[in-house]
Amino acid sequence: MNNPLPEHIAKGSRLVVAVDGPAGAGKGAICRAVAEKFGFSYLDTGSIYRGVALLALQKGVTDDEELGKLAGEMPFEFRRVANEGFRAFLAGKDVSNSLREERVGRKASQVAAVPQVRAALLTFQRRYGGEKNIILDGRDTGTVVWSDADLKVFLTASLEERAKRRALELQGKGETVSFHKIRDMMAERDARDESRTHAPLASATDAHYVDTTLLTLDESIDSVVKLVDKLVGNKPR
Ligand code: C5P
């Protein structure tokens, strides 16, 4: 796919690892571990879409043009907080917990289908990390954001397994959840992400396909670490 960039920002000599896949495939946990191991920056692109969704919910914005404007002007940043790692801030307020709410995820997949929103967020994603090697995850990081990434991974797992993991995660936080409801909402979000016209969820043709259905988290991390190891060994940093 050609890269429809509003502004060209070169990758330079840094290494870029793009990890895409459906909700609950373990992208975040795996990418964080890989970033830590190799000293890469990490960008969770989903949280930026969630930031737009949260703002849209708070302000009651539904119009596509307005949503694009909201995304373009969004005062969003990641900051390192002592003992908590990177946290997401909107207008100076730590919104990391609100961003993880299911209603925000669902709204995110709606605003993510709006081309004006996607265009507005592209530059932020390409600039992120400056010259540092980076691993980023999302739905279109290997097909659109960094279609020239050095390594692309498509990470997936069965719907049942992904829903099970998400239910356990929410239970761990003390939230009462129905497995069936989570599974249905996930299926709905997957379908919307896969079927939208602009930058749908899809594996890049040159991506490594990793199915984590039968893998533990450590085994999943290991399979991506092996790929990055090869890349780092092959290329000067
Ligand atoms: O990954 P996460 O579940 O946080 O993403 C929330 C939503 O944001 C996804 O369902 C998807 O619609 C959207 N998204 C996207 N492109 C990305 C990352 C996320 O469209 N690169």
# chains A, B, ... in the order shown; residues from 1 in each chain; ligands from 1

$ select_by_dssp --residues "segment 158-203 of chain A" --states "helix (DSSP H, G or I)" --output "JSON, numbers by chain"
{"A": [159, 160, 161, 162, 163, 164, 165, 166, 167, 168, 169, 170, 171, 172, 179, 180, 181, 182, 183, 184, 185, 186, 187, 188, 189, 190, 191, 192, 193, 194, 195]}

$ residues_near_ligand --ligand "ligand 1" --cutoff "6 Å" --atoms "only C-alpha atoms and all ligand atoms" --output "ChimeraX atom specification"
/A:23,45-47,49-50,105,108-109,112,138-141,189,193

$ select_by_dssp --residues "segment 20-164 of chain A" --states "strand (DSSP E or B)" --output "PyMOL selection string"
chain A and resi 20+41-44+76-81+85-90+93-94+134-138+151-156

$ write_last_selection --atoms "N, CA and C atoms" --output "mmCIF file, in the first residue's frame"
data_model
loop_
_atom_site.group_PDB
_atom_site.id
_atom_site.type_symbol
_atom_site.label_atom_id
_atom_site.label_comp_id
_atom_site.auth_asym_id
_atom_site.auth_seq_id
_atom_site.Cartn_x
_atom_site.Cartn_y
_atom_site.Cartn_z
ATOM 1 N N ASP A 20 0.957 -5.062 14.377
ATOM 2 C CA ASP A 20 -0.487 -4.848 14.238
ATOM 3 C C ASP A 20 -1.258 -6.100 14.624
ATOM 4 N N SER A 41 12.045 3.010 21.917
ATOM 5 C CA SER A 41 10.846 3.738 22.335
ATOM 6 C C SER A 41 9.657 2.845 22.033
ATOM 7 N N TYR A 42 8.566 3.083 22.740
ATOM 8 C CA TYR A 42 7.342 2.322 22.454
ATOM 9 C C TYR A 42 6.177 3.280 22.254
ATOM 10 N N LEU A 43 5.430 3.079 21.208
ATOM 11 C CA LEU A 43 4.231 3.892 20.998
ATOM 12 C C LEU A 43 3.006 2.996 20.823
ATOM 13 N N ASP A 44 2.069 3.167 21.759
ATOM 14 C CA ASP A 44 0.788 2.457 21.700
ATOM 15 C C ASP A 44 -0.164 3.379 20.920
ATOM 16 N N PHE A 76 -2.255 16.086 23.559
ATOM 17 C CA PHE A 76 -2.006 14.730 24.059
ATOM 18 C C PHE A 76 -0.507 14.485 24.166
ATOM 19 N N GLU A 77 -0.077 13.866 25.236
ATOM 20 C CA GLU A 77 1.344 13.497 25.332
ATOM 21 C C GLU A 77 1.533 12.317 26.288
ATOM 22 N N PHE A 78 2.656 11.638 26.096
ATOM 23 C CA PHE A 78 3.036 10.585 27.041
ATOM 24 C C PHE A 78 4.123 11.164 27.930
ATOM 25 N N ARG A 79 4.017 10.911 29.230
ATOM 26 C CA ARG A 79 5.062 11.372 30.151
ATOM 27 C C ARG A 79 5.473 10.209 31.022
ATOM 28 N N ARG A 80 6.758 10.168 31.311
ATOM 29 C CA ARG A 80 7.233 9.132 32.227
ATOM 30 C C ARG A 80 6.935 9.578 33.661
ATOM 31 N N VAL A 81 6.242 8.723 34.411
ATOM 32 C CA VAL A 81 5.904 9.056 35.793
ATOM 33 C C VAL A 81 6.656 8.075 36.695
ATOM 34 N N GLY A 85 5.967 4.158 34.931
ATOM 35 C CA GLY A 85 6.278 4.101 33.509
ATOM 36 C C GLY A 85 5.611 5.232 32.756
ATOM 37 N N PHE A 86 5.300 4.998 31.461
ATOM 38 C CA PHE A 86 4.702 6.058 30.661
ATOM 39 C C PHE A 86 3.201 6.138 30.887
ATOM 40 N N ARG A 87 2.724 7.349 31.074
ATOM 41 C CA ARG A 87 1.291 7.583 31.269
ATOM 42 C C ARG A 87 0.819 8.551 30.189
ATOM 43 N N ALA A 88 -0.469 8.466 29.847
ATOM 44 C CA ALA A 88 -1.028 9.343 28.818
ATOM 45 C C ALA A 88 -1.682 10.557 29.469
ATOM 46 N N PHE A 89 -1.368 11.732 28.930
ATOM 47 C CA PHE A 89 -1.918 12.983 29.475
ATOM 48 C C PHE A 89 -2.699 13.724 28.402
ATOM 49 N N LEU A 90 -3.865 14.199 28.768
ATOM 50 C CA LEU A 90 -4.677 15.048 27.895
ATOM 51 C C LEU A 90 -4.813 16.386 28.600
ATOM 52 N N LYS A 93 -3.705 16.399 32.122
ATOM 53 C CA LYS A 93 -4.341 15.511 33.102
ATOM 54 C C LYS A 93 -4.042 14.048 32.745
ATOM 55 N N ASP A 94 -3.674 13.259 33.745
ATOM 56 C CA ASP A 94 -3.387 11.847 33.500
ATOM 57 C C ASP A 94 -4.701 11.104 33.225
ATOM 58 N N ILE A 134 12.338 2.398 17.417
ATOM 59 C CA ILE A 134 10.981 2.402 17.985
ATOM 60 C C ILE A 134 10.210 1.126 17.644
ATOM 61 N N ILE A 135 9.379 0.712 18.585
ATOM 62 C CA ILE A 135 8.404 -0.351 18.310
ATOM 63 C C ILE A 135 7.038 0.284 18.547
ATOM 64 N N LEU A 136 6.132 0.122 17.613
ATOM 65 C CA LEU A 136 4.802 0.694 17.806
ATOM 66 C C LEU A 136 3.763 -0.354 17.465
ATOM 67 N N ASP A 137 2.600 -0.228 18.094
ATOM 68 C CA ASP A 137 1.551 -1.196 17.796
ATOM 69 C C ASP A 137 0.233 -0.517 17.504
ATOM 70 N N GLY A 138 -0.615 -1.224 16.760
ATOM 71 C CA GLY A 138 -1.923 -0.678 16.397
ATOM 72 C C GLY A 138 -2.621 -1.547 15.371
ATOM 73 N N LEU A 151 10.780 -4.137 10.376
ATOM 74 C CA LEU A 151 10.209 -5.423 10.758
ATOM 75 C C LEU A 151 8.722 -5.222 11.017
ATOM 76 N N LYS A 152 7.916 -6.106 10.454
ATOM 77 C CA LYS A 152 6.473 -6.017 10.680
ATOM 78 C C LYS A 152 5.986 -7.344 11.259
ATOM 79 N N VAL A 153 5.117 -7.215 12.242
ATOM 80 C CA VAL A 153 4.572 -8.416 12.883
ATOM 81 C C VAL A 153 3.065 -8.279 12.902
ATOM 82 N N PHE A 154 2.367 -9.336 12.538
ATOM 83 C CA PHE A 154 0.914 -9.354 12.714
ATOM 84 C C PHE A 154 0.637 -10.344 13.829
ATOM 85 N N LEU A 155 0.132 -9.785 14.942
ATOM 86 C CA LEU A 155 -0.058 -10.577 16.150
ATOM 87 C C LEU A 155 -1.537 -10.849 16.341
ATOM 88 N N THR A 156 -1.870 -12.120 16.480
ATOM 89 C CA THR A 156 -3.295 -12.404 16.647
ATOM 90 C C THR A 156 -3.503 -13.582 17.597
#

$ closest_atom_pairs --of "segment 27-116 of chain A" --to "segment 160-167 of chain A" --cutoff "12 Å" --atoms "only C-alpha atoms" --output "CSV"
residue,atom,partner,partner_atom,distance
A:Lys27,CA,A:Arg162,CA,11.1
A:Ala29,CA,A:Arg165,CA,11.9
A:Arg100,CA,A:Arg166,CA,11.2
A:Glu101,CA,A:Arg166,CA,11.6
A:Glu102,CA,A:Arg166,CA,10.4

$ write_last_selection --atoms "C-alpha atoms" --output "PDB file, in the first residue's frame"
ATOM      1  CA  LYS A  27       0.310  -6.323  21.525  1.00  0.00           C
ATOM      2  CA  ALA A  29       2.359  -6.308  26.890  1.00  0.00           C
ATOM      3  CA  ARG A 100      -8.708   1.824  28.987  1.00  0.00           C
ATOM      4  CA  GLU A 101     -12.476   1.849  29.614  1.00  0.00           C
ATOM      5  CA  GLU A 102     -14.499  -0.352  27.232  1.00  0.00           C
TER       6      GLU A 102
END

$ closest_residue --among "A:Ala202, A:Val228, A:Leu217, A:Leu70" --to "Gly21 of chain A" --atoms "only C-alpha atoms"
A:Ala202

$ atom_distance --atom1 "atom CA of Phe40 of chain A" --atom2 "atom CA of Thr205 of chain A"
24.3 Å

$ residues_around --residues "segment 53-63 of chain A" --least-positions-apart "5" --cutoff "7 Å" --atoms "only C-alpha atoms" --output "list in words"
Leu99, Val104, Lys107, Ala108 and Val111 of chain A

$ closest_residue --among "A:Arg118, A:Lys226, A:Arg127, A:Arg14" --to "Leu67 of chain A" --atoms "only C-alpha atoms"
A:Arg118

$ closest_residue --among "A:Ser96, A:Ala157, A:Ala119, A:Ala113" --to "Thr216 of chain A" --atoms "only C-alpha atoms"
A:Ala157

$ closest_residue --among "A:Gly129, A:Trp146, A:Ala120, A:Pro115" --to "Ala199 of chain A" --atoms "only C-alpha atoms"
A:Pro115
